[in-house]
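To keep things clear, I will list the structure first and then write my remarks on it.
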Amino acid sequence: MIVVDTSIWIDFLKGENSPEQRKLHSLINDEEDIAIVEIIFTEILQGIKEDKEFQTMKGFLLDFPIYKPKSIETYFHAAQIYRDCRKKGKTIRKTVDCIIAAICMENSLTLFHKDSDFDNIKACTGLQVMRV
């Protein structure tokens with residue numbers, strides 16, 4: 001199962017001609033197993049200005065499996081990810097990225113992204129990532 005990060009969805013929604021947008025389009029067309037996590041769901045929708053587009057995208061996203069934190073332990077895990085990275089000299093800029101990584105790791109999901117925070121997390125943990 002591949003979790004698609006907000007950074008990729010933004011390219012997709014804007015119609016950017018990026019390698020990531022093309023790959024996501026291919027994954028969708030090939031009916032690959034794509035998922036999102038709850039916070040990514042929120043991040044995508046909060047950036048949509050028009051009500052009609054908001055409702056359309058909400059319906060589209062709800063067709064994908066949506067993962068969430070399993071328990072408070074997910075947040076402890078996210079904090080540990082941040083701490084492990086700091087110990088190795090890598091600072092993660094966004095707490096939400098540690099939470100996304102923790103959810104992915106807890107569920108053995110691969111994260112498709114284009115965010116350097118996730119590259120740093122991968123370097124310090126067992127996060128499985130996909131890049132183009």
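Chain labels follow the order of the structure tokens: the first chain is A, the next B, and so on; residue numbering restarts at 1 in every chain, and ligands are counted from 1 in their shown order.
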For this session: Please identify which residues in segment 35-132 of chain A DSSP calls strand (DSSP E or B) from the backbone, and express them as a PyMOL selection string.
Result: chain A and resi 35-37+66-67+110-112+128-130
Exercise. Can you list, as a PyMOL selection string, every residue of chain A that DSSP puts in alpha helix (DSSP H)?
Worked result: chain A and resi 6-14+19-29+38-46+51-61+72-87+95-106+116-124
Problem set entry | One-decimal distance in Å that lies between atom CA of Lys88 of chain A and atom CA of Ile40 of chain A |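 The value is 26.8 Å.
Atom to atom, atom CA of Ile72 of chain A and atom CA of Glu106 of chain A stand 12.4 Å apart.
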Exercise. From the list A:Asp30, A:Leu109, A:Gln128, A:Ile10, which residue is nearest Gly47 of chain A when using only C-alpha atoms?
Worked result: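 Using only C-alpha atoms, Gly47 of chain A sits closest to A:Ile10.
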Exercise. Interatomic distance between atom CA of Gln21 of chain A and atom CA of Thr91 of chain A?
Worked result: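 Atom-to-atom, atom CA of Gln21 of chain A to atom CA of Thr91 of chain A, that is 27.2 Å.
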Problem set entry | All residues 10 Å or closer to Asp33 of chain A, only C-alpha atoms, same chain fewer than 6 positions away omitted, as a list in words |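 Contacts, in chain order: Met1, Ile2, Val3, Leu27, Phe64 and Pro65 of chain A.
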Find the spatial neighbours of His25 of chain A, counting only C-alpha atoms, within a cut-off of 12 Å - ignore same-chain residues fewer than 3 positions away - and output them as a short mmCIF file (atom, residue, chain, number, x, y, z; two decimals) with C-alpha atoms, in the first residue's frame.
```cif
data_model
loop_
_atom_site.label_atom_id
_atom_site.label_comp_id
_atom_site.auth_asym_id
_atom_site.auth_seq_id
_atom_site.Cartn_x
_atom_site.Cartn_y
_atom_site.Cartn_z
CA VAL A 4 0.64 9.62 -1.11
CA ILE A 8 2.35 15.01 -4.42
CA TRP A 9 -1.39 15.64 -4.25
CA ASP A 11 1.08 18.80 -7.89
CA PHE A 12 -1.70 16.48 -9.01
CA LEU A 13 -4.46 18.99 -8.22
CA GLY A 15 -1.98 19.83 -12.96
CA GLU A 16 1.76 20.40 -12.58
CA ASN A 17 3.75 18.52 -15.18
CA SER A 18 6.11 17.03 -12.61
CA PRO A 19 7.47 13.49 -12.48
CA GLU A 20 5.58 12.99 -9.20
CA GLN A 21 2.27 14.15 -10.71
CA ARG A 22 2.75 11.82 -13.68
CA ILE A 28 -4.38 5.87 -10.08
CA ASN A 29 -4.93 4.71 -13.68
CA ASP A 30 -3.27 1.36 -12.91
CA GLU A 31 -5.52 1.00 -9.85
CA GLU A 32 -2.55 0.57 -7.53
CA ILE A 34 -3.13 4.02 -2.76
#
```
Exercise. Can you list, as a PyMOL selection string, every protein, DNA or RNA residue that comes within 6 Å of Val129 of chain A when you count only C-alpha atoms, leaving out same-chain residues fewer than 6 positions away?
Worked result: chain A and resi 110-112
Restricted to N, CA and C atoms, what would the selected residues look like written as a PDB file, in the first residue's frame?
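Listing of out09.pdb after writing:
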```
ATOM      1  N   THR A 110       4.277   2.251   2.392  1.00  0.00           N
ATOM      2  CA  THR A 110       5.319   2.986   1.686  1.00  0.00           C
ATOM      3  C   THR A 110       4.818   4.401   1.454  1.00  0.00           C
ATOM      4  N   LEU A 111       5.665   5.390   1.703  1.00  0.00           N
ATOM      5  CA  LEU A 111       5.287   6.793   1.549  1.00  0.00           C
ATOM      6  C   LEU A 111       5.851   7.361   0.258  1.00  0.00           C
ATOM      7  N   PHE A 112       4.971   7.821  -0.621  1.00  0.00           N
ATOM      8  CA  PHE A 112       5.352   8.489  -1.870  1.00  0.00           C
ATOM      9  C   PHE A 112       5.343   9.984  -1.585  1.00  0.00           C
TER      10      PHE A 112
END
```
Problem set entry | Best match for closeness to Cys98 of chain A among A:Ile36, A:Ile44, A:Ala79, A:Ile66, counting only C-alpha atoms |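 When distances to Cys98 of chain A are compared using only C-alpha atoms, the smallest one comes from A:Ala79.
Proximity to Ile81 of chain A was assessed for A:Arg131, A:Ile48, A:Glu53, A:Ile121 counting only C-alpha atoms; the smallest distance is recorded for A:Ile121.
With only C-alpha atoms as the atoms that count, the minimum distance from Ala102 of chain A to the choices A:Leu61, A:Ala35, A:Val132, A:Leu127 is reached by A:Leu127.
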Problem set entry | Top pick for closest residue to Arg93 of chain A, considering A:Asp115, A:Glu50, A:Phe41, A:Asp63 and counting only C-alpha atoms |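 Comparing A:Asp115, A:Glu50, A:Phe41, A:Asp63 against Arg93 of chain A, the winner is A:Asp115.
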Exercise. Can you tell me, as a PyMOL selection string, what residues are no more than 12 Å from Thr125 of chain A when counting only C-alpha atoms, ignoring any on the same chain fewer than 6 positions away?
Worked result: chain A and resi 77-78+80-88+90+98+101-102+104-105+118-119
Could those selected residues go to a file with C-alpha atoms, as a PDB file, in the first residue's frame?
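Resulting contents of selection.pdb:
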```
ATOM      1  CA  HIS A  77       6.610   6.911  18.144  1.00  0.00           C
ATOM      2  CA  ALA A  78       6.520  10.234  16.248  1.00  0.00           C
ATOM      3  CA  GLN A  80      10.982   9.125  19.035  1.00  0.00           C
ATOM      4  CA  ILE A  81      11.412   9.545  15.257  1.00  0.00           C
ATOM      5  CA  TYR A  82      12.168  13.229  15.795  1.00  0.00           C
ATOM      6  CA  ARG A  83      14.602  12.442  18.625  1.00  0.00           C
ATOM      7  CA  ASP A  84      16.367   9.710  16.630  1.00  0.00           C
ATOM      8  CA  CYS A  85      16.853  12.091  13.724  1.00  0.00           C
ATOM      9  CA  ARG A  86      18.182  14.846  16.002  1.00  0.00           C
ATOM     10  CA  LYS A  87      20.694  12.413  17.496  1.00  0.00           C
ATOM     11  CA  LYS A  88      21.954  11.762  13.970  1.00  0.00           C
ATOM     12  CA  LYS A  90      19.046  15.763  11.146  1.00  0.00           C
ATOM     13  CA  CYS A  98       6.939  12.606  12.092  1.00  0.00           C
ATOM     14  CA  ALA A 101       5.994   8.619   9.176  1.00  0.00           C
ATOM     15  CA  ALA A 102       4.929   6.894  12.407  1.00  0.00           C
ATOM     16  CA  CYS A 104       3.241   4.590   7.799  1.00  0.00           C
ATOM     17  CA  MET A 105       5.759   2.591   9.801  1.00  0.00           C
ATOM     18  CA  PHE A 118      10.899  12.319   4.840  1.00  0.00           C
ATOM     19  CA  ASP A 119      14.308  11.695   3.269  1.00  0.00           C
TER      20      ASP A 119
END
```
Exercise. Do you know which residues are at most 8 Å from Ile103 of chain A counting only C-alpha atoms, after dropping those on the same chain fewer than 3 positions away, and could you put them as a PyMOL selection string?
Worked result: chain A and resi 37+67-70+74+99-100+106-107
